[in-house]
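Q: Structure: query_31.txt, compact mmCIF, C-alpha atoms.
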```txt
# COMPACT_ATOMS: atom_id res chain seq x y z
CA MET E 30 15.20 15.05 4.57
CA TYR E 31 11.74 15.83 5.85
CA GLY E 32 9.11 13.14 5.73
CA ARG E 33 11.61 10.38 5.05
CA LYS E 34 10.70 8.31 8.10
CA ALA E 35 6.99 8.60 7.50
CA CYS E 36 7.56 7.37 3.97
CA GLN E 37 9.51 4.37 5.26
CA LEU E 38 6.52 3.54 7.39
CA VAL E 39 4.23 3.54 4.36
CA LYS E 40 6.75 1.51 2.40
CA GLU E 41 6.52 -1.23 4.98
CA LEU E 42 2.93 -1.74 3.96
CA THR E 43 3.97 -2.58 0.44
CA ASN E 44 6.57 -5.11 1.56
CA SER E 45 3.94 -7.51 2.81
CA GLU E 46 1.70 -9.34 0.39
CA SER E 47 -1.75 -7.87 0.08
CA GLY E 48 -4.04 -9.07 2.82
CA GLN E 49 -1.15 -9.88 5.13
CA LEU E 50 0.26 -7.97 8.03
CA THR E 51 3.73 -7.12 9.21
CA THR E 52 4.46 -6.34 12.82
CA PHE E 53 3.25 -2.92 13.88
CA ASN E 54 6.32 -0.71 13.85
CA ASN E 55 5.93 1.07 17.18
CA ASP E 56 9.46 2.39 17.08
CA LEU E 57 9.29 4.12 13.72
CA PHE E 58 5.77 5.30 14.42
CA ALA E 59 6.94 7.07 17.57
CA GLN E 60 9.84 8.60 15.68
CA VAL E 61 7.51 10.08 13.10
CA ILE E 62 5.32 11.56 15.83
CA GLU E 63 8.45 13.05 17.36
CA GLU E 64 9.39 14.55 14.02
CA CYS E 65 5.94 16.10 13.81
CA GLU E 66 6.40 17.69 17.21
CA ALA E 67 9.75 19.11 16.13
CA HIS E 68 8.13 20.60 13.04
CA PHE E 69 5.42 22.13 15.17
CA ARG E 70 7.98 23.68 17.51
CA ASP E 71 9.88 25.18 14.58
CA LEU E 72 6.66 26.42 13.09
CA GLN E 73 5.68 28.17 16.30
CA ALA E 74 9.12 29.66 16.72
CA LEU E 75 8.92 31.16 13.23
CA PHE E 76 5.47 32.55 13.91
CA MET E 77 6.69 34.14 17.13
CA LYS E 78 9.60 35.69 15.29
CA MET E 79 7.32 37.08 12.63
CA GLN E 80 5.03 38.55 15.25
CA GLU E 81 7.92 40.18 17.05
CA GLU E 82 9.21 41.71 13.89
CA GLY E 83 5.72 42.82 13.07
CA THR E 84 5.72 41.32 9.60
CA SER E 85 2.40 39.98 8.48
CA ASN E 86 1.85 36.32 7.57
CA GLN E 87 0.34 37.43 4.33
CA THR E 88 3.44 38.90 2.71
CA THR E 89 4.75 36.14 0.53
CA LYS E 90 8.25 37.48 0.04
CA ASN E 91 9.22 36.79 3.62
CA PRO E 92 11.88 34.11 4.31
CA ASP E 93 10.32 33.31 7.66
CA HIS E 94 7.02 32.79 5.99
CA PHE E 95 8.49 30.26 3.57
CA GLY E 96 10.23 28.46 6.40
CA ALA E 97 6.98 28.17 8.30
CA PHE E 98 5.24 27.02 5.16
CA MET E 99 7.75 24.25 4.62
CA HIS E 100 7.23 23.02 8.14
CA HIS E 101 3.51 23.16 7.61
CA LEU E 102 3.79 21.07 4.44
CA SER E 103 5.94 18.52 6.25
CA LEU E 104 3.39 18.26 9.04
CA VAL E 105 0.58 17.66 6.58
CA ARG E 106 2.67 15.10 4.73
CA ASN E 107 3.60 13.22 7.91
CA LYS E 108 -0.01 13.20 8.96
CA ARG E 109 -1.05 11.69 5.65
CA CYS E 110 1.59 8.95 5.89
CA ILE E 111 0.65 8.03 9.43
CA MET E 112 -3.06 8.04 8.65
CA ALA E 113 -2.48 5.84 5.61
CA TYR E 114 -0.40 3.43 7.65
CA VAL E 115 -3.06 3.03 10.31
CA TYR E 116 -5.94 3.02 7.85
CA ASN E 117 -4.53 0.36 5.53
CA ARG E 118 -3.70 -1.88 8.45
CA ALA E 119 -7.17 -1.41 9.85
CA GLU E 120 -8.58 -2.61 6.52
CA VAL E 121 -6.59 -5.82 6.78
CA VAL E 122 -7.63 -6.31 10.40
CA GLN E 123 -11.23 -5.86 9.39
CA ASN E 124 -10.92 -8.51 6.70
CA LEU E 125 -9.39 -10.86 9.23
CA GLY E 126 -12.68 -10.69 11.07
CA TRP E 127 -14.33 -12.30 8.06
CA ALA E 128 -11.62 -14.82 7.30
CA VAL E 129 -10.98 -16.24 10.74
CA GLU E 130 -13.99 -16.27 12.96
CA LEU E 131 -13.84 -16.22 16.73
CA LEU E 132 -10.19 -16.49 17.55
CA LEU E 133 -7.08 -14.93 16.11
CA PRO E 134 -4.08 -17.19 15.62
CA GLU E 135 -1.16 -16.24 17.82
CA GLU E 136 1.29 -15.49 15.04
CA ILE E 137 -1.05 -12.83 13.72
CA GLU E 138 -2.08 -11.45 17.06
CA GLU E 139 1.46 -10.59 18.06
CA LYS E 140 1.77 -8.41 14.96
CA LEU E 141 -1.04 -6.13 16.01
CA SER E 142 -0.74 -3.07 18.18
CA ASN E 143 -2.96 -2.78 21.24
CA SER E 144 -5.49 -0.51 19.62
CA GLU E 145 -5.66 -2.83 16.61
CA LYS E 146 -6.45 -5.77 18.88
CA GLU E 147 -9.20 -3.72 20.43
CA TYR E 148 -10.44 -2.78 16.97
CA PHE E 149 -10.49 -6.41 15.88
CA LYS E 150 -12.43 -7.45 18.97
CA ASN E 151 -14.99 -4.71 18.56
CA HIS E 152 -15.37 -5.32 14.85
CA LEU E 153 -15.98 -9.00 15.50
CA ALA E 154 -18.55 -8.19 18.15
CA THR E 155 -20.35 -5.81 15.77
CA LEU E 156 -20.38 -8.40 13.02
CA LYS E 157 -21.70 -11.00 15.40
CA SER E 158 -24.47 -8.88 16.79
CA TYR E 159 -25.51 -7.90 13.28
CA MET E 160 -25.64 -11.52 12.21
CA THR E 161 -27.67 -12.51 15.26
CA ASP E 162 -30.07 -9.63 14.65
CA MET E 163 -30.53 -10.63 11.04
CA ASP E 164 -30.48 -14.31 11.95
CA ILE E 165 -28.18 -15.12 9.06
CA ASP E 166 -24.57 -16.25 8.84
CA LEU E 167 -22.87 -13.90 6.41
CA ALA E 168 -19.50 -15.60 6.64
CA VAL E 169 -20.47 -18.72 4.71
CA ASP E 170 -19.24 -19.37 1.23
CA MET E 171 -20.78 -17.23 -1.52
CA VAL E 172 -21.09 -20.10 -4.00
CA PRO E 173 -24.23 -22.18 -3.43
CA PRO E 174 -23.23 -25.77 -2.61
CA LYS E 175 -24.18 -28.64 -4.88
CA ASP E 176 -24.16 -31.07 -2.02
CA PRO E 177 -24.75 -30.33 1.68
CA TYR E 178 -21.93 -32.74 2.54
CA ILE E 179 -18.27 -32.43 1.65
CA LYS E 180 -15.28 -34.65 2.07
CA VAL E 181 -12.56 -33.25 4.28
CA ARG E 182 -9.25 -34.28 5.72
CA VAL E 183 -8.48 -33.30 9.30
CA LEU E 184 -5.14 -31.55 9.70
CA GLU E 185 -5.06 -31.11 13.46
CA ASN E 186 -6.04 -33.29 16.41
CA MET E 187 -9.24 -31.96 17.93
CA GLY E 188 -10.65 -35.02 19.69
CA ASN E 189 -14.35 -35.75 19.86
CA VAL E 190 -16.44 -32.84 18.68
CA ALA E 191 -20.21 -32.62 18.64
CA LEU E 192 -21.32 -31.44 15.19
CA SER E 193 -24.81 -30.50 14.17
CA ASP E 194 -25.73 -33.98 12.95
CA GLN E 195 -23.24 -36.33 14.53
CA GLU E 196 -20.45 -36.64 17.00
CA ALA E 197 -17.19 -37.13 15.15
CA ASN E 198 -13.72 -38.03 16.24
CA LEU E 199 -11.60 -35.39 14.56
CA ALA E 200 -8.23 -37.09 14.70
CA MET E 201 -5.36 -36.02 12.52
CA HIS E 202 -5.38 -37.36 8.93
CA ALA E 203 -8.90 -38.72 9.30
CA ILE E 204 -10.97 -38.39 6.16
CA LEU E 205 -14.58 -37.58 6.92
CA PHE E 206 -17.81 -36.74 5.26
CA LEU E 207 -19.17 -33.69 7.04
CA ARG E 208 -21.93 -31.20 6.62
CA ARG E 209 -20.58 -28.26 4.72
CA THR E 210 -21.76 -25.78 7.33
CA ASP E 211 -19.90 -27.65 10.05
CA ALA E 212 -16.72 -28.06 8.08
CA GLU E 213 -16.47 -24.50 6.82
CA GLN E 214 -15.29 -22.87 10.01
CA TYR E 215 -12.61 -25.51 10.50
CA ILE E 216 -11.42 -25.10 6.94
CA SER E 217 -11.22 -21.34 7.24
CA GLN E 218 -9.14 -21.78 10.37
CA GLY E 219 -6.84 -24.16 8.56
CA LYS E 220 -7.70 -27.17 10.69
CA MET E 221 -9.16 -29.15 7.80
CA GLU E 222 -8.80 -29.19 4.07
CA GLU E 223 -11.38 -29.95 1.48
CA LEU E 224 -10.80 -32.93 -0.78
CA THR E 225 -12.00 -32.35 -4.28
CA VAL E 226 -11.60 -35.77 -5.79
CA MET S 22 -6.87 14.00 -6.26
CA ALA S 23 -6.36 10.34 -5.61
CA ASN S 24 -7.51 8.61 -2.48
CA TYR S 25 -5.99 10.19 0.61
CA TYR S 26 -4.97 6.82 1.98
CA ASP S 27 -3.63 5.44 -1.30
CA ILE S 28 -0.20 3.93 -0.65
CA ASP S 29 1.04 4.20 -4.21
CA ASP S 30 -0.03 7.81 -4.47
CA ILE S 31 1.90 8.62 -1.30
CA LEU S 32 5.00 6.79 -2.42
CA SER S 33 4.94 8.32 -5.88
CA GLU S 34 5.06 11.78 -4.29
CA GLU S 35 8.22 10.83 -2.44
CA GLU S 36 10.26 10.81 -5.66
CA LEU S 37 12.91 13.52 -5.76
CA VAL S 38 12.53 16.49 -8.07
CA PRO S 39 15.25 19.04 -8.81
CA VAL S 40 14.32 22.57 -7.81
CA VAL S 41 15.88 26.01 -7.63
CA PHE S 42 14.88 28.22 -4.72
CA LEU S 43 13.51 31.61 -5.82
CA GLU S 44 13.17 32.97 -2.32
CA ALA S 45 15.20 32.76 0.86
CA VAL S 46 13.84 30.36 3.42
CA ASN S 47 14.51 30.66 7.13
CA GLY S 48 14.47 28.07 9.87
CA VAL S 49 14.68 24.85 7.88
CA GLY S 50 17.44 22.30 8.26
CA LEU S 51 17.27 20.86 4.77
CA PHE S 52 20.99 20.64 4.23
CA GLU S 53 23.18 19.11 6.89
CA SER S 54 26.10 21.39 6.13
CA ASN S 55 24.15 24.59 6.54
CA GLU S 56 24.39 25.68 10.16
CA ALA S 57 22.43 28.89 9.87
CA ASN S 58 19.34 26.89 8.88
CA ARG S 59 18.78 29.25 6.03
CA VAL S 60 18.39 28.54 2.34
CA GLU S 61 19.55 31.30 0.02
CA PRO S 62 17.73 32.24 -3.17
CA ARG S 63 19.05 30.59 -6.34
CA SER S 64 20.37 27.60 -4.43
CA LYS S 65 19.72 24.25 -6.05
CA ALA S 66 18.31 21.23 -4.26
CA GLU S 67 16.40 18.03 -4.73
CA LEU S 68 13.13 17.97 -2.86
CA PRO S 69 10.52 15.23 -2.65
CA PHE S 70 7.64 15.93 -5.00
CA TRP S 71 5.12 16.80 -2.27
CA LEU S 72 7.39 19.51 -0.88
CA ALA S 73 8.34 20.83 -4.30
CA GLN S 74 4.71 21.03 -5.34
CA GLY S 75 3.68 22.96 -2.24
CA MET S 76 6.53 25.42 -2.58
CA HIS S 77 5.89 25.81 -6.30
CA MET S 78 2.30 26.86 -5.60
CA ARG S 79 3.60 29.79 -3.55
CA GLN S 80 6.27 30.68 -6.10
CA GLY S 81 8.97 29.70 -3.60
CA VAL S 82 10.83 27.41 -5.95
CA SER S 83 11.02 26.72 -9.64
CA VAL S 84 10.72 23.07 -10.55
CA SER S 85 12.64 21.42 -13.35
CA ILE S 86 12.10 18.05 -14.96
CA PRO S 87 13.48 15.04 -13.03
CA PRO S 88 16.29 13.06 -14.68
CA CYS S 89 14.01 10.14 -15.50
CA PHE S 90 12.34 12.26 -18.20
CA ASN S 91 15.55 13.54 -19.73
CA LYS S 92 16.67 13.34 -23.33
CA LYS S 93 18.60 10.09 -22.88
CA THR S 94 15.63 8.23 -21.47
CA ARG S 95 13.42 9.62 -24.21
CA GLU S 96 15.76 8.33 -26.86
CA GLU S 97 15.98 4.93 -25.26
CA ILE S 98 12.22 4.66 -25.05
CA GLY S 99 11.94 5.77 -28.65
CA ALA S 100 14.41 3.07 -29.70
CA ASP S 101 13.10 0.10 -27.76
CA GLY S 102 10.65 1.07 -25.04
CA ALA S 103 9.98 -2.42 -23.84
CA HIS S 104 13.49 -3.08 -22.61
CA VAL S 105 14.31 0.16 -20.84
CA ASP S 106 14.93 -0.27 -17.13
CA LEU S 107 12.36 2.19 -15.84
CA ARG S 108 12.27 0.83 -12.31
CA SER S 109 15.79 1.92 -11.44
CA ARG S 110 15.10 5.37 -12.87
CA CYS S 111 11.78 5.96 -11.20
CA SER S 112 9.49 3.20 -10.02
CA TYR S 113 6.51 5.55 -10.29
CA PHE S 114 7.37 6.72 -13.79
CA TYR S 115 3.81 7.22 -15.06
CA GLU S 116 2.34 8.64 -11.87
CA LEU S 117 5.18 11.11 -11.43
CA GLY S 118 4.96 12.06 -15.09
CA CYS S 119 1.26 12.87 -14.81
CA LYS S 120 1.89 15.01 -11.76
CA MET S 121 4.89 16.79 -13.25
CA VAL S 122 2.97 18.03 -16.28
CA HIS S 123 0.92 20.35 -14.07
CA LEU S 124 4.05 21.87 -12.56
CA VAL S 125 6.36 22.36 -15.50
CA GLY S 126 3.96 22.71 -18.40
CA ASP S 127 6.09 20.54 -20.66
CA LYS S 128 3.54 19.03 -23.00
CA SER S 129 5.96 16.50 -24.48
CA ILE S 130 5.88 14.42 -21.27
CA GLY S 131 2.35 13.32 -22.07
CA SER S 132 3.25 11.81 -25.43
CA LEU S 133 6.39 10.26 -23.95
CA LEU S 134 4.33 8.47 -21.30
CA LEU S 135 1.84 7.31 -23.88
CA VAL S 136 4.48 5.89 -26.22
CA ALA S 137 6.31 4.23 -23.35
CA PHE S 138 3.14 2.68 -21.97
CA GLN S 139 1.89 1.43 -25.34
CA THR S 140 5.07 -0.39 -26.26
CA ARG S 141 5.65 -1.75 -22.77
CA TYR S 142 2.05 -2.78 -22.15
CA LYS S 143 2.10 -5.10 -25.14
CA GLU S 144 5.31 -6.71 -23.97
CA VAL S 145 4.03 -7.09 -20.39
CA LEU S 146 0.90 -8.89 -21.53
CA ILE S 147 2.75 -11.20 -23.90
CA LYS S 148 5.24 -12.14 -21.22
CA ALA S 149 2.58 -12.59 -18.56
CA HIS S 150 0.52 -14.96 -20.67
CA THR S 151 3.28 -17.05 -22.13
CA ALA S 152 6.69 -16.89 -20.50
CA ALA S 153 7.77 -19.70 -18.21
CA SER S 154 8.22 -18.46 -14.68
CA ALA S 155 11.95 -19.20 -14.78
CA LEU S 156 12.50 -16.55 -17.44
CA THR S 157 10.55 -13.72 -15.87
CA PRO S 158 12.65 -12.37 -12.95
CA LYS S 159 15.01 -10.55 -15.26
CA PHE S 160 12.16 -8.99 -17.16
CA LEU S 161 10.23 -8.15 -13.99
CA SER S 162 13.08 -6.08 -12.64
CA LEU S 163 12.60 -3.60 -15.47
CA LEU S 164 8.99 -2.82 -14.70
CA THR S 165 7.56 0.08 -12.75
CA LYS S 166 5.10 -0.47 -9.91
CA GLU S 167 2.08 -0.01 -12.13
CA GLU S 168 3.38 -2.40 -14.77
CA THR S 169 4.13 -5.02 -12.13
CA LYS S 170 0.51 -4.81 -11.04
CA LEU S 171 -0.64 -5.27 -14.62
CA TYR S 172 1.68 -8.22 -14.97
CA ASP S 173 0.31 -9.89 -11.84
CA ALA S 174 -3.25 -9.25 -12.94
CA ALA S 175 -2.59 -10.84 -16.32
CA LYS S 176 -0.88 -13.80 -14.67
CA SER S 177 -3.71 -14.45 -12.26
CA SER S 178 -6.33 -14.15 -14.99
CA THR S 179 -4.48 -16.76 -17.05
CA ALA S 180 -4.36 -19.03 -14.02
CA ALA S 181 -8.05 -18.48 -13.32
CA PHE S 182 -8.91 -19.29 -16.93
CA LYS S 183 -6.93 -22.51 -16.75
CA THR S 184 -8.62 -23.71 -13.56
CA TRP S 185 -12.00 -22.85 -15.00
CA ARG S 186 -11.34 -24.88 -18.13
CA MET S 187 -9.81 -27.87 -16.39
CA GLY S 188 -11.71 -28.18 -13.17
CA GLY S 189 -15.20 -26.82 -13.38
CA PRO S 190 -17.06 -25.37 -10.41
CA ARG S 191 -15.69 -27.78 -7.82
CA PHE S 192 -12.17 -26.73 -8.50
CA GLN S 193 -13.09 -23.09 -8.13
CA LYS S 194 -14.54 -23.79 -4.75
CA ALA S 195 -11.21 -25.03 -3.50
CA LEU S 196 -9.61 -21.79 -4.70
CA VAL S 197 -11.97 -19.72 -2.62
CA LEU S 198 -11.19 -21.76 0.45
CA GLY S 199 -7.51 -21.51 -0.28
CA ARG S 200 -7.68 -17.76 -0.23
CA LYS S 201 -9.66 -17.82 2.97
CA ARG S 202 -7.07 -19.91 4.66
CA LYS S 203 -4.14 -17.81 3.58
CA PRO S 204 -3.79 -15.44 6.56
CA ILE S 205 -2.96 -18.37 8.79
CA GLY S 206 -0.74 -20.37 6.53
CA GLU S 207 1.68 -17.47 6.20
```
Would you mind writing the file out in structure tokens?
A:
Amino acid sequence: MYGRKACQLVKELTNSESGQLTTFNNDLFAQVIEECEAHFRDLQALFMKMQEEGTSNQTTKNPDHFGAFMHHLSLVRNKRCIMAYVYNRAEVVQNLGWAVELLLPEEIEEKLSNSEKEYFKNHLATLKSYMTDMDIDLAVDMVPPKDPYIKVRVLENMGNVALSDQEANLAMHAILFLRRTDAEQYISQGKMEELTV
Amino acid sequence: MANYYDIDDILSEEELVPVVFLEAVNGVGLFESNEANRVEPRSKAELPFWLAQGMHMRQGVSVSIPPCFNKKTREEIGADGAHVDLRSRCSYFYELGCKMVHLVGDKSIGSLLLVAFQTRYKEVLIKAHTAASALTPKFLSLLTKEETKLYDAAKSSTAAFKTWRMGGPRFQKALVLGRKRKPIGE
């Protein structure tokens, strides 16, 4: 049935939880493009036939016309599915730029296609240049802090790191009292967790 | 028209709709068995909604009502709407129903959808706010896509209310960070 593969592609989007990515399905994507090309060939063949027979495109009672129209509809449908697939993934990639600053964890990066990696890089660069121009960090937490310091537990060995007010030894399981602005990027990258009690 | 990129809108148009061809169609390989690649007038087929709609606009096919809106389903919904398995019939029951009305001009679909949604919505909310999570899988498998979304929304709002009452602002803060961290902890 026409458009079945394109629909499978879109369905893959729904399988993942919102805000998460599945691996870019290069294989199926290429198959859909191929299907589009086949539709286009059939469409052209029907047009040629109509021209040879001298029947006008406008007469609606023509079987060739309906055939061509069905191929046209399938093309439009496939286009919509492919566009939606790419667009919805791009949205997620864009949000990644806000959630994880600077570097993308490997397990996510391998799920992206090449153009998505490029897109992520460029989006990050745009965000950065905007923030430098405005001289404001837009990625910080939206809720105003009650205390500039928070208590965190380190989840990953990072050695000695120079923070804005002190040099701290960020060893695994260490419980520290850090400036919120310093801790935030580590928390968002999953290298620390905030302790609430 | 809904958002061009809307996933649910696209998937809801993939549902199959029974049609009867009014005109002959050349050059399409819809049926595997047909070698001549030709569809004769008056042949019956099931087309995805998007194709049926396009052909209907040009008077190429006549569309009839899909089986999920048939008399049997209507009676079941009338009897006990909340426990009808709509997902296995059509997981985009409401969306498809709204779209079908324009094609077939059957006004009774509208009231059917309304009755079904009213009875089921109440049940969804009650279950979402109260039921223990162990009981829900069986109930969840009856819901359409839209109802599942409602269910999740109700669930998360209950959870949010609980954290707000128990924890105060500090607790909320941790929630925000938790969401931020999610893409990595997959």
Q: Go through S:Ser33, S:Gln74, S:Thr94, S:Ser112 and flag the residue nearest Glu168 (chain S), using only C-alpha atoms for the distances.
A: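 Smallest separation from Glu168 (chain S) among the options: S:Ser112.
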Q: Using Å and a single decimal, report how far CA of Pro62 (chain S) sits from CA of Glu44 (chain S).
A: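 Separation of CA of Glu44 (chain S) and CA of Pro62 (chain S): 4.7 Å.
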Q: When you draw a straight line from CA of Asn47 (chain S) to CA of Asp71 (chain E), how long is it in Å?
A: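 These two atoms are separated by 10.3 Å.
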Q: Show which residues sit within 9 Å of Phe206 (chain E), as a PyMOL selection string. Count only C-alpha atoms, and ignore same-chain residues fewer than 2 positions away.
A: chain E and resi 178-182+204+208-209
Q: Please report the interatomic distance between CA of Met121 (chain S) and CA of Leu135 (chain S) in Å with one decimal.
A: 14.6 Å
Q: Residues of chain E that approach chain S to 9 Å or less, counting only C-alpha atoms: could you list each one with the shortest pair of atoms and its distance in Å to one decimal, rows by chain and increasing residue number, as a Markdown table?
A:
```
| residue | atom | partner | partner_atom | distance |
| --- | --- | --- | --- | --- |
| E:Met30 | CA | S:Leu51 | CA | 6.2 |
| E:Tyr31 | CA | S:Leu51 | CA | 7.6 |
| E:Gly32 | CA | S:Glu35 | CA | 8.5 |
| E:Arg33 | CA | S:Glu35 | CA | 8.2 |
| E:Cys36 | CA | S:Leu32 | CA | 6.9 |
| E:Val39 | CA | S:Ile28 | CA | 6.7 |
| E:Lys40 | CA | S:Leu32 | CA | 7.4 |
| E:Leu42 | CA | S:Ile28 | CA | 7.9 |
| E:Thr43 | CA | S:Ile28 | CA | 7.8 |
| E:Gly48 | CA | S:Pro204 | CA | 7.4 |
| E:Gln49 | CA | S:Pro204 | CA | 6.3 |
| E:Leu50 | CA | S:Pro204 | CA | 8.6 |
| E:Asp71 | CA | S:Gly48 | CA | 7.2 |
| E:Leu72 | CA | S:Gly48 | CA | 8.6 |
| E:Ala74 | CA | S:Gly48 | CA | 8.8 |
| E:Leu75 | CA | S:Gly48 | CA | 7.2 |
| E:Thr89 | CA | S:Arg79 | CA | 7.6 |
| E:Lys90 | CA | S:Glu44 | CA | 7.1 |
| E:Asn91 | CA | S:Ala45 | CA | 7.7 |
| E:Pro92 | CA | S:Val46 | CA | 4.3 |
| E:Asp93 | CA | S:Asn47 | CA | 5.0 |
| E:His94 | CA | S:Val46 | CA | 7.7 |
| E:Phe95 | CA | S:Val46 | CA | 5.4 |
| E:Gly96 | CA | S:Asn47 | CA | 4.9 |
| E:Ala97 | CA | S:Gly48 | CA | 7.7 |
| E:Phe98 | CA | S:Met76 | CA | 8.0 |
| E:Met99 | CA | S:Leu72 | CA | 7.3 |
| E:His100 | CA | S:Val49 | CA | 7.7 |
| E:Leu102 | CA | S:Leu72 | CA | 6.6 |
| E:Ser103 | CA | S:Leu72 | CA | 7.3 |
| E:Arg106 | CA | S:Trp71 | CA | 7.6 |
| E:Arg109 | CA | S:Tyr25 | CA | 7.2 |
| E:Cys110 | CA | S:Ile31 | CA | 7.2 |
| E:Met112 | CA | S:Tyr26 | CA | 7.0 |
| E:Ala113 | CA | S:Tyr26 | CA | 4.5 |
| E:Tyr114 | CA | S:Tyr26 | CA | 8.0 |
| E:Tyr116 | CA | S:Tyr26 | CA | 7.1 |
| E:Asn117 | CA | S:Tyr26 | CA | 7.4 |
| E:Leu125 | CA | S:Pro204 | CA | 7.7 |
| E:Trp127 | CA | S:Lys201 | CA | 8.8 |
| E:Ala128 | CA | S:Lys201 | CA | 5.6 |
| E:Val129 | CA | S:Lys201 | CA | 8.0 |
| E:Pro134 | CA | S:Ile205 | CA | 7.0 |
| E:Glu136 | CA | S:Ile205 | CA | 8.1 |
| E:Ile137 | CA | S:Ile205 | CA | 7.7 |
| E:Asp170 | CA | S:Val197 | CA | 8.2 |
| E:Val172 | CA | S:Lys194 | CA | 7.6 |
| E:Glu213 | CA | S:Leu198 | CA | 8.7 |
| E:Ile216 | CA | S:Arg202 | CA | 7.1 |
| E:Ser217 | CA | S:Arg202 | CA | 5.1 |
| E:Gln218 | CA | S:Arg202 | CA | 6.4 |
| E:Gly219 | CA | S:Arg202 | CA | 5.8 |
| E:Glu222 | CA | S:Leu198 | CA | 8.6 |
| E:Glu223 | CA | S:Ala195 | CA | 7.0 |
| E:Leu224 | CA | S:Ala195 | CA | 8.4 |
| E:Thr225 | CA | S:Arg191 | CA | 6.9 |
```
Q: Point out the residue among E:Asn55, E:Gln123, E:Gln80, E:Thr161 with the least atom-to-atom distance to Asn143 (chain E), counting only C-alpha atoms.
A: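 Checking each of E:Asn55, E:Gln123, E:Gln80, E:Thr161 against Asn143 (chain E), counting only C-alpha atoms, the winner is E:Asn55.
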Q: Within 12 Å of Ser129 (chain S), counting all atoms listed in the file, which residues qualify if same-chain residues fewer than 3 places away don't, as a list in words?
A: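 Once the nearby chain positions are removed, what remains is Ile86, Phe90, Asn91, Lys92, Arg95, Gly118, Cys119, Met121, Val122, Val125, Gly126, Ser132, Leu133, Leu134, Leu135 and Val136 of chain S.
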Q: Please define a box with edges along x, y and z of the file around all atoms of region 161-165 of chain S given in the file, extend it by 5 Å on each side, and return its centre and edge lengths in Å to one decimal, as JSON.
A:
```
{"center_x": 10.3, "center_y": -4.0, "center_z": -14.1, "size_x": 15.5, "size_y": 18.2, "size_z": 12.8}
```
Q: So which residues are close to (11.6, 4.1, -15.1), meaning at most 9 Å away in the file's coordinates with only C-alpha atoms counted, and can you show them as a list of chain:residue names?
A: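 I get S:Cys89, S:Phe90, S:Thr94, S:Val105, S:Asp106, S:Leu107, S:Arg108, S:Ser109, S:Arg110, S:Cys111, S:Ser112, S:Tyr113, S:Phe114, S:Tyr115, S:Leu163, S:Leu164, S:Thr165 for the residues within 9 Å of that point.
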Q: I need the residue nearest Thr52 (chain E) from this list: E:Arg118, E:His202, E:Leu153, E:Asn189. Use only C-alpha atoms for the distance.
A: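 Ranking E:Arg118, E:His202, E:Leu153, E:Asn189 by distance to Thr52 (chain E), first place goes to E:Arg118.
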Q: Can I get region 179-190 of chain E with N, CA and C atoms filled in, as a CSV table (one decimal), keeping the file's coordinate frame?
A:
```csv
chain,number,residue,atom,x,y,z
E,179,ILE,N,-19.5,-32.4,2.4
E,179,ILE,CA,-18.3,-32.4,1.6
E,179,ILE,C,-17.3,-33.4,2.3
E,180,LYS,N,-16.3,-33.8,1.5
E,180,LYS,CA,-15.3,-34.6,2.1
E,180,LYS,C,-14.1,-33.8,2.5
E,181,VAL,N,-13.7,-34.0,3.8
E,181,VAL,CA,-12.6,-33.2,4.3
E,181,VAL,C,-11.5,-34.1,4.9
E,182,ARG,N,-10.3,-33.6,5.0
E,182,ARG,CA,-9.2,-34.3,5.7
E,182,ARG,C,-8.9,-33.4,6.9
E,183,VAL,N,-8.8,-34.0,8.1
E,183,VAL,CA,-8.5,-33.3,9.3
E,183,VAL,C,-7.0,-33.1,9.4
E,184,LEU,N,-6.6,-31.9,9.7
E,184,LEU,CA,-5.1,-31.6,9.7
E,184,LEU,C,-4.6,-31.4,11.1
E,185,GLU,N,-5.5,-31.4,12.1
E,185,GLU,CA,-5.1,-31.1,13.5
E,185,GLU,C,-5.9,-31.9,14.4
E,186,ASN,N,-5.3,-32.5,15.4
E,186,ASN,CA,-6.0,-33.3,16.4
E,186,ASN,C,-7.0,-32.4,17.2
E,187,MET,N,-8.3,-32.8,17.2
E,187,MET,CA,-9.2,-32.0,17.9
E,187,MET,C,-10.1,-32.8,18.8
E,188,GLY,N,-9.9,-34.1,18.8
E,188,GLY,CA,-10.6,-35.0,19.7
E,188,GLY,C,-12.1,-35.1,19.3
E,189,ASN,N,-12.9,-35.6,20.2
E,189,ASN,CA,-14.4,-35.8,19.9
E,189,ASN,C,-15.1,-34.4,19.9
E,190,VAL,N,-15.7,-34.1,18.8
E,190,VAL,CA,-16.4,-32.8,18.7
E,190,VAL,C,-17.9,-33.1,18.3
```
